[in-house]
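Peer 1: Got a file for you: model.cif, mmCIF, C-alpha atoms.
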data_query
loop_
_atom_site.label_atom_id
_atom_site.label_comp_id
_atom_site.auth_asym_id
_atom_site.auth_seq_id
_atom_site.Cartn_x
_atom_site.Cartn_y
_atom_site.Cartn_z
CA MET A 1 0.00 0.00 0.00
CA LEU A 2 2.88 2.35 0.81
CA ASN A 3 4.63 1.55 -2.49
CA TYR A 4 1.35 1.91 -4.36
CA ASN A 5 0.90 5.32 -2.72
CA ILE A 6 4.43 6.45 -3.59
CA SER A 7 3.84 5.27 -7.17
CA LEU A 8 0.64 7.30 -7.43
CA ASP A 9 2.47 10.34 -5.96
CA LEU A 10 5.12 10.06 -8.67
CA ILE A 11 2.70 9.27 -11.52
CA PHE A 12 0.31 12.15 -10.77
CA HIS A 13 3.26 14.50 -10.16
CA ALA A 14 4.70 13.48 -13.54
CA LEU A 15 1.36 14.18 -15.25
CA ALA A 16 0.98 17.60 -13.58
CA ASP A 17 3.17 19.34 -16.16
CA PRO A 18 2.07 20.26 -19.70
CA ALA A 19 5.45 19.43 -21.30
CA ARG A 20 5.47 15.99 -19.68
CA ARG A 21 1.87 15.39 -20.82
CA THR A 22 2.93 16.39 -24.37
CA ILE A 23 5.68 13.74 -24.16
CA VAL A 24 3.20 11.10 -22.93
CA GLU A 25 0.78 12.08 -25.72
CA ARG A 26 3.51 11.64 -28.33
CA LEU A 27 4.64 8.31 -26.84
CA SER A 28 1.07 7.01 -26.76
CA GLN A 29 1.39 7.01 -30.58
CA GLY A 30 4.54 4.87 -30.46
CA PRO A 31 8.18 4.96 -29.35
CA ALA A 32 10.27 8.05 -30.11
CA SER A 33 13.81 9.32 -29.72
CA VAL A 34 14.63 12.14 -27.28
CA SER A 35 15.16 14.61 -30.15
CA GLU A 36 11.78 13.66 -31.69
CA LEU A 37 10.16 14.28 -28.30
CA ALA A 38 11.94 17.62 -27.96
CA ARG A 39 10.84 18.92 -31.39
CA PRO A 40 7.35 20.25 -30.46
CA LEU A 41 8.54 21.56 -27.07
CA ALA A 42 9.82 25.12 -26.81
CA MET A 43 12.69 24.28 -24.48
CA SER A 44 16.32 23.17 -24.45
CA LEU A 45 17.29 19.52 -24.83
CA PRO A 46 18.59 19.36 -21.21
CA ALA A 47 15.19 20.62 -20.03
CA VAL A 48 13.47 17.87 -22.03
CA VAL A 49 15.86 15.31 -20.55
CA GLN A 50 14.93 16.52 -17.04
CA HIS A 51 11.24 16.05 -17.81
CA LEU A 52 12.00 12.57 -19.16
CA GLN A 53 13.81 11.76 -15.91
CA VAL A 54 10.66 12.68 -13.94
CA LEU A 55 8.58 10.49 -16.28
CA GLU A 56 11.06 7.61 -15.95
CA ALA A 57 11.12 7.94 -12.14
CA SER A 58 7.33 7.52 -12.14
CA GLY A 59 7.59 4.45 -14.37
CA LEU A 60 5.36 6.05 -17.03
CA VAL A 61 8.21 6.09 -19.54
CA GLN A 62 11.05 3.66 -20.17
CA SER A 63 14.02 4.34 -22.38
CA GLU A 64 16.83 2.38 -23.97
CA LYS A 65 20.01 3.68 -25.57
CA VAL A 66 21.17 1.91 -28.71
CA GLY A 67 24.32 3.47 -30.15
CA ARG A 68 23.86 7.23 -29.93
CA VAL A 69 20.08 7.18 -29.93
CA ARG A 70 17.95 6.91 -26.78
CA THR A 71 14.48 5.60 -27.63
CA CYS A 72 11.60 6.19 -25.21
CA ARG A 73 8.38 4.27 -24.91
CA ILE A 74 5.35 4.45 -22.69
CA GLU A 75 4.63 1.91 -19.96
CA PRO A 76 0.87 1.31 -20.32
CA VAL A 77 0.56 -0.63 -17.05
CA VAL A 78 1.67 2.45 -15.11
CA LEU A 79 -0.75 4.69 -17.02
CA LYS A 80 -3.44 2.13 -16.16
CA THR A 81 -2.58 2.38 -12.43
CA ALA A 82 -3.43 6.08 -12.39
CA GLU A 83 -6.51 5.62 -14.56
CA GLN A 84 -7.79 2.85 -12.30
CA TRP A 85 -7.41 4.92 -9.14
CA ILE A 86 -9.52 7.71 -10.64
CA THR A 87 -12.07 5.30 -12.17
CA GLU A 88 -12.58 3.60 -8.78
CA ARG A 89 -13.18 6.95 -7.06
CA ARG A 90 -15.64 8.01 -9.75
CA ALA A 91 -17.44 4.64 -9.57
CA SER A 92 -17.63 4.96 -5.79
CA TRP A 93 -19.13 8.44 -6.14
CA GLU A 94 -21.67 7.24 -8.72
CA HIS A 95 -22.64 4.32 -6.49
CA HIS A 96 -23.20 6.74 -3.59
CA PHE A 97 -25.20 9.03 -5.87
CA ASP A 98 -27.39 6.12 -7.04
CA LEU A 99 -28.05 5.07 -3.43
CA LEU A 100 -29.07 8.65 -2.62
CA GLY A 101 -31.39 8.64 -5.65
CA ASP A 102 -32.96 5.35 -4.51
CA TYR A 103 -33.43 6.72 -0.98
CA LEU A 104 -35.08 9.90 -2.27
CA ALA A 105 -37.34 7.88 -4.59
CA GLU A 106 -38.42 5.70 -1.65
CA HIS A 107 -39.07 8.68 0.64
CA PRO A 108 -40.97 11.16 -1.55
CA GLU A 109 -43.26 12.26 1.30
CA GLU A 110 -40.58 13.70 3.55
CA PRO A 111 -40.44 17.49 3.85
CA ASP A 112 -37.66 19.30 2.03
CA GLU A 113 -35.63 21.09 4.69
CA ARG A 114 -34.40 23.69 2.20
CA SER A 115 -37.92 24.99 1.60
CA SER A 116 -38.97 25.04 5.27
CA MET B 117 -6.70 24.46 -24.71
CA LEU B 118 -4.65 26.63 -22.36
CA ASN B 119 -7.34 26.56 -19.66
CA TYR B 120 -7.77 22.81 -20.14
CA ASN B 121 -4.00 22.43 -19.69
CA ILE B 122 -3.94 24.57 -16.55
CA SER B 123 -6.85 22.55 -15.18
CA LEU B 124 -5.02 19.28 -15.78
CA ASP B 125 -1.89 20.75 -14.12
CA LEU B 126 -3.91 21.60 -11.02
CA ILE B 127 -5.92 18.36 -10.96
CA PHE B 128 -2.91 16.04 -11.30
CA HIS B 129 -0.94 18.18 -8.83
CA ALA B 130 -3.83 17.87 -6.36
CA LEU B 131 -3.88 14.08 -6.79
CA ALA B 132 -0.09 13.76 -6.32
CA ASP B 133 -0.36 13.81 -2.52
CA PRO B 134 -1.50 10.83 -0.39
CA ALA B 135 -3.43 12.99 2.12
CA ARG B 136 -5.33 14.70 -0.68
CA ARG B 137 -6.10 11.33 -2.28
CA THR B 138 -7.39 10.11 1.11
CA ILE B 139 -9.71 13.13 1.17
CA VAL B 140 -10.93 12.41 -2.39
CA GLU B 141 -11.46 8.74 -1.46
CA ARG B 142 -13.57 9.75 1.53
CA LEU B 143 -15.58 12.29 -0.49
CA SER B 144 -16.21 9.74 -3.24
CA GLN B 145 -18.40 8.04 -0.61
CA GLY B 146 -20.42 11.21 0.00
CA PRO B 147 -20.08 14.75 1.39
CA ALA B 148 -18.21 15.26 4.67
CA SER B 149 -17.30 18.04 7.08
CA VAL B 150 -13.71 19.25 7.42
CA SER B 151 -13.36 17.57 10.82
CA GLU B 152 -14.66 14.26 9.42
CA LEU B 153 -12.08 14.52 6.64
CA ALA B 154 -9.33 15.30 9.15
CA ARG B 155 -10.09 12.29 11.39
CA PRO B 156 -8.11 9.58 9.50
CA LEU B 157 -5.25 11.97 8.67
CA ALA B 158 -2.30 12.24 11.07
CA MET B 159 -1.99 16.01 10.77
CA SER B 160 -3.24 19.27 12.24
CA LEU B 161 -6.55 20.80 11.14
CA PRO B 162 -4.77 23.79 9.48
CA ALA B 163 -2.71 21.29 7.42
CA VAL B 164 -5.93 19.55 6.35
CA VAL B 165 -7.43 22.93 5.41
CA GLN B 166 -4.36 23.66 3.27
CA HIS B 167 -4.81 20.36 1.43
CA LEU B 168 -8.49 21.18 0.93
CA GLN B 169 -7.51 24.54 -0.56
CA VAL B 170 -5.32 22.76 -3.14
CA LEU B 171 -8.22 20.41 -3.93
CA GLU B 172 -10.64 23.33 -4.22
CA ALA B 173 -8.23 25.27 -6.46
CA SER B 174 -8.18 22.28 -8.83
CA GLY B 175 -11.97 22.12 -8.83
CA LEU B 176 -11.93 18.51 -7.56
CA VAL B 177 -13.63 19.54 -4.30
CA GLN B 178 -16.25 22.16 -3.55
CA SER B 179 -17.26 23.28 -0.09
CA GLU B 180 -20.05 25.24 1.51
CA LYS B 181 -20.22 26.67 5.01
CA VAL B 182 -23.56 26.43 6.79
CA GLY B 183 -23.42 27.88 10.31
CA ARG B 184 -20.16 26.66 11.83
CA VAL B 185 -19.82 23.58 9.65
CA ARG B 186 -18.05 23.55 6.28
CA THR B 187 -19.24 20.61 4.18
CA CYS B 188 -17.10 19.36 1.31
CA ARG B 189 -18.17 17.37 -1.69
CA ILE B 190 -16.46 15.99 -4.75
CA GLU B 191 -16.91 17.47 -8.23
CA PRO B 192 -17.22 14.34 -10.43
CA VAL B 193 -16.93 16.28 -13.72
CA VAL B 194 -13.42 17.39 -12.75
CA LEU B 195 -12.44 13.86 -11.74
CA LYS B 196 -13.77 12.75 -15.13
CA THR B 197 -11.54 15.31 -16.92
CA ALA B 198 -8.39 13.70 -15.52
CA GLU B 199 -9.70 10.18 -16.10
CA GLN B 200 -10.55 11.00 -19.71
CA TRP B 201 -7.11 12.41 -20.47
CA ILE B 202 -5.46 9.19 -19.25
CA THR B 203 -8.04 6.94 -20.95
CA GLU B 204 -7.47 8.69 -24.30
CA ARG B 205 -3.69 8.25 -24.04
CA ARG B 206 -4.09 4.58 -23.15
CA ALA B 207 -6.56 4.05 -26.01
CA SER B 208 -4.15 5.76 -28.39
CA TRP B 209 -1.33 3.47 -27.21
CA GLU B 210 -3.52 0.36 -27.60
CA HIS B 211 -4.54 1.46 -31.11
CA HIS B 212 -0.87 1.87 -32.04
CA PHE B 213 -0.08 -1.52 -30.53
CA ASP B 214 -2.92 -3.16 -32.53
CA LEU B 215 -1.66 -1.55 -35.76
CA LEU B 216 1.82 -2.89 -35.01
CA GLY B 217 0.35 -6.36 -34.40
CA ASP B 218 -1.54 -6.20 -37.72
CA TYR B 219 1.62 -5.12 -39.52
CA LEU B 220 3.66 -7.95 -38.02
CA ALA B 221 0.91 -10.47 -38.85
CA GLU B 222 0.90 -9.28 -42.48
CA HIS B 223 4.70 -9.37 -42.80
CA PRO B 224 5.66 -12.70 -41.17
CA GLU B 225 8.37 -13.43 -43.74
CA GLU B 226 10.58 -10.45 -43.00
CA PRO B 227 13.86 -11.11 -41.20
CA ASP B 228 14.02 -10.23 -37.52
CA GLU B 229 16.79 -7.65 -37.15
CA ARG B 230 17.39 -8.61 -33.55
CA SER B 231 18.51 -12.13 -34.51
CA SER B 232 20.67 -11.09 -37.48
#
Take the structure I supplied and represent it as structure tokens, if you would.
Peer 2:
Amino acid sequence: MLNYNISLDLIFHALADPARRTIVERLSQGPASVSELARPLAMSLPAVVQHLQVLEASGLVQSEKVGRVRTCRIEPVVLKTAEQWITERRASWEHHFDLLGDYLAEHPEEPDERSS
Amino acid sequence: MLNYNISLDLIFHALADPARRTIVERLSQGPASVSELARPLAMSLPAVVQHLQVLEASGLVQSEKVGRVRTCRIEPVVLKTAEQWITERRASWEHHFDLLGDYLAEHPEEPDERSS
């Protein structure tokens, strides 16, 4: 649970930056080299590398250097971890909301406190 | 697009902290007062209030003060915004992966560079 929590800290932190989300968006369309990832970003290559390090620390991105080219790819399982956490919260909220709806449907006669 | 990006920055930043995720988890089960939210958290009430301010700034949580009690509730549309961004990236990755699978299935005769 602690590790899971630390993972979520790092994943959501990694996604909280527009440049890093641009990188994830690009990688969701397939692997890319660091210079390909840098192209649409208005920043220096070292700045892009720093963002990649944050993404790699979270597990969202993995990279491999072959010769002079470092190729990055997305780790879908890690993306799924974050998605699942949010989906579960939303499902829990909807379940609560449905229960409230059922309760209100079963108790239509009760006075509405707001109008009293 | 800019506003959407700022929103995602704030939402993912808000979710990158375990105490704030505990608050969102609790609120996904229904509205709660600040003191109810503070109960499971090992921190001072002012610290909890600070976390709530980050959650409110992101739009994930809304609160209303009636008399002396401030009641907080989740904003599911905002949770959905973050979920959708991740889901779209994952879907994009899966689509790419399927295309790659199709390509490999259609070109079974080509030599594998890794083994050459």
Peer 1: Evaluate the PyMOL selection byres ((chain B) within 9 of (chain A)) and record the selected residues as an NGL selection string, following the chain and residue labels used in the document.
Peer 2: :B and (121-122 or 124-134 or 140-141 or 143-146 or 190 or 192 or 195-196 or 198-200 or 202-203 or 205-213)
Peer 1: To test the calculation: enclose all listed atoms of stretch 159-178 of chain B in a box whose edges run along x, y and z, add 4 Å on each side, then state centre and edge lengths in Å to one decimal, as AutoDock Vina command-line options.
Peer 2:
--center_x -9.1 --center_y 20.6 --center_z 1.7 --size_x 22.3 --size_y 17.3 --size_z 29.1
Peer 1: Would you work out the distance separating atom CA of B:Leu171 from atom CA of A:Val61, expressed in Å to one decimal?
Peer 2: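 If I compute the distance from atom CA of B:Leu171 to atom CA of A:Val61, I get 26.8 Å.
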Peer 1: Spell out the residues picked by the PyMOL selection byres ((chain A and resi 67-69) around 12) here, as a PyMOL selection string.
Peer 2: chain A and resi 32-36+63-66+70-72
Peer 1: To one decimal place, how far is atom CA of A:Thr81 from atom CA of A:Tyr4 in Å?
Peer 2: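 Between these atoms lies a distance of 9.0 Å.
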Peer 1: Please rebuild stretch 126-158 of chain B with N, CA and C atoms and return the result as a short mmCIF file (atom, residue, chain, number, x, y, z; two decimals), in the frame of the given file.
Peer 2:
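Printed below is selection-v7.cif as written:
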data_model
loop_
_atom_site.label_atom_id
_atom_site.label_comp_id
_atom_site.auth_asym_id
_atom_site.auth_seq_id
_atom_site.Cartn_x
_atom_site.Cartn_y
_atom_site.Cartn_z
N LEU B 126 -3.43 21.47 -12.40
CA LEU B 126 -3.91 21.60 -11.02
C LEU B 126 -4.53 20.30 -10.50
N ILE B 127 -5.25 19.61 -11.39
CA ILE B 127 -5.92 18.36 -10.96
C ILE B 127 -4.87 17.29 -10.63
N PHE B 128 -3.93 17.08 -11.55
CA PHE B 128 -2.91 16.04 -11.30
C PHE B 128 -2.02 16.43 -10.12
N HIS B 129 -1.72 17.73 -9.99
CA HIS B 129 -0.94 18.18 -8.83
C HIS B 129 -1.70 17.87 -7.54
N ALA B 130 -3.01 18.13 -7.56
CA ALA B 130 -3.83 17.87 -6.36
C ALA B 130 -3.82 16.38 -6.01
N LEU B 131 -3.81 15.54 -7.03
CA LEU B 131 -3.88 14.08 -6.79
C LEU B 131 -2.52 13.47 -6.43
N ALA B 132 -1.45 14.29 -6.53
CA ALA B 132 -0.09 13.76 -6.32
C ALA B 132 0.30 13.70 -4.85
N ASP B 133 -0.66 13.83 -3.96
CA ASP B 133 -0.36 13.81 -2.52
C ASP B 133 -1.27 12.78 -1.83
N PRO B 134 -0.69 11.90 -0.99
CA PRO B 134 -1.50 10.83 -0.39
C PRO B 134 -2.63 11.35 0.52
N ALA B 135 -2.37 12.45 1.24
CA ALA B 135 -3.43 12.99 2.12
C ALA B 135 -4.59 13.51 1.28
N ARG B 136 -4.25 14.17 0.18
CA ARG B 136 -5.33 14.70 -0.68
C ARG B 136 -6.09 13.56 -1.35
N ARG B 137 -5.38 12.47 -1.70
CA ARG B 137 -6.10 11.33 -2.28
C ARG B 137 -7.00 10.68 -1.23
N THR B 138 -6.54 10.65 0.04
CA THR B 138 -7.39 10.11 1.11
C THR B 138 -8.67 10.93 1.23
N ILE B 139 -8.54 12.25 1.11
CA ILE B 139 -9.71 13.13 1.17
C ILE B 139 -10.66 12.83 0.00
N VAL B 140 -10.09 12.70 -1.21
CA VAL B 140 -10.93 12.41 -2.39
C VAL B 140 -11.61 11.05 -2.23
N GLU B 141 -10.87 10.07 -1.69
CA GLU B 141 -11.46 8.74 -1.46
C GLU B 141 -12.66 8.85 -0.52
N ARG B 142 -12.48 9.59 0.57
CA ARG B 142 -13.57 9.75 1.53
C ARG B 142 -14.77 10.45 0.88
N LEU B 143 -14.49 11.51 0.12
CA LEU B 143 -15.58 12.29 -0.49
C LEU B 143 -16.27 11.53 -1.63
N SER B 144 -15.57 10.54 -2.19
CA SER B 144 -16.21 9.74 -3.24
C SER B 144 -17.33 8.87 -2.64
N GLN B 145 -17.33 8.78 -1.29
CA GLN B 145 -18.40 8.04 -0.61
C GLN B 145 -19.49 8.97 -0.08
N GLY B 146 -19.40 10.26 -0.42
CA GLY B 146 -20.42 11.21 0.00
C GLY B 146 -19.81 12.43 0.68
N PRO B 147 -20.59 13.52 0.78
CA PRO B 147 -20.08 14.75 1.39
C PRO B 147 -19.62 14.53 2.82
N ALA B 148 -18.72 15.39 3.30
CA ALA B 148 -18.21 15.26 4.67
C ALA B 148 -17.76 16.63 5.16
N SER B 149 -17.79 16.79 6.48
CA SER B 149 -17.30 18.04 7.08
C SER B 149 -15.78 18.00 7.14
N VAL B 150 -15.18 19.17 7.35
CA VAL B 150 -13.71 19.25 7.42
C VAL B 150 -13.19 18.36 8.56
N SER B 151 -13.88 18.37 9.70
CA SER B 151 -13.36 17.57 10.82
C SER B 151 -13.50 16.06 10.54
N GLU B 152 -14.55 15.67 9.83
CA GLU B 152 -14.66 14.26 9.42
C GLU B 152 -13.50 13.88 8.50
N LEU B 153 -13.17 14.80 7.58
CA LEU B 153 -12.08 14.52 6.64
C LEU B 153 -10.74 14.45 7.35
N ALA B 154 -10.60 15.24 8.43
CA ALA B 154 -9.33 15.30 9.15
C ALA B 154 -9.09 14.04 9.99
N ARG B 155 -10.19 13.40 10.41
CA ARG B 155 -10.09 12.29 11.39
C ARG B 155 -9.05 11.22 11.02
N PRO B 156 -9.08 10.66 9.79
CA PRO B 156 -8.11 9.58 9.50
C PRO B 156 -6.70 10.09 9.17
N LEU B 157 -6.55 11.42 9.08
CA LEU B 157 -5.25 11.97 8.67
C LEU B 157 -4.43 12.37 9.90
N ALA B 158 -3.17 11.93 9.92
CA ALA B 158 -2.30 12.24 11.07
C ALA B 158 -1.67 13.61 10.88
#
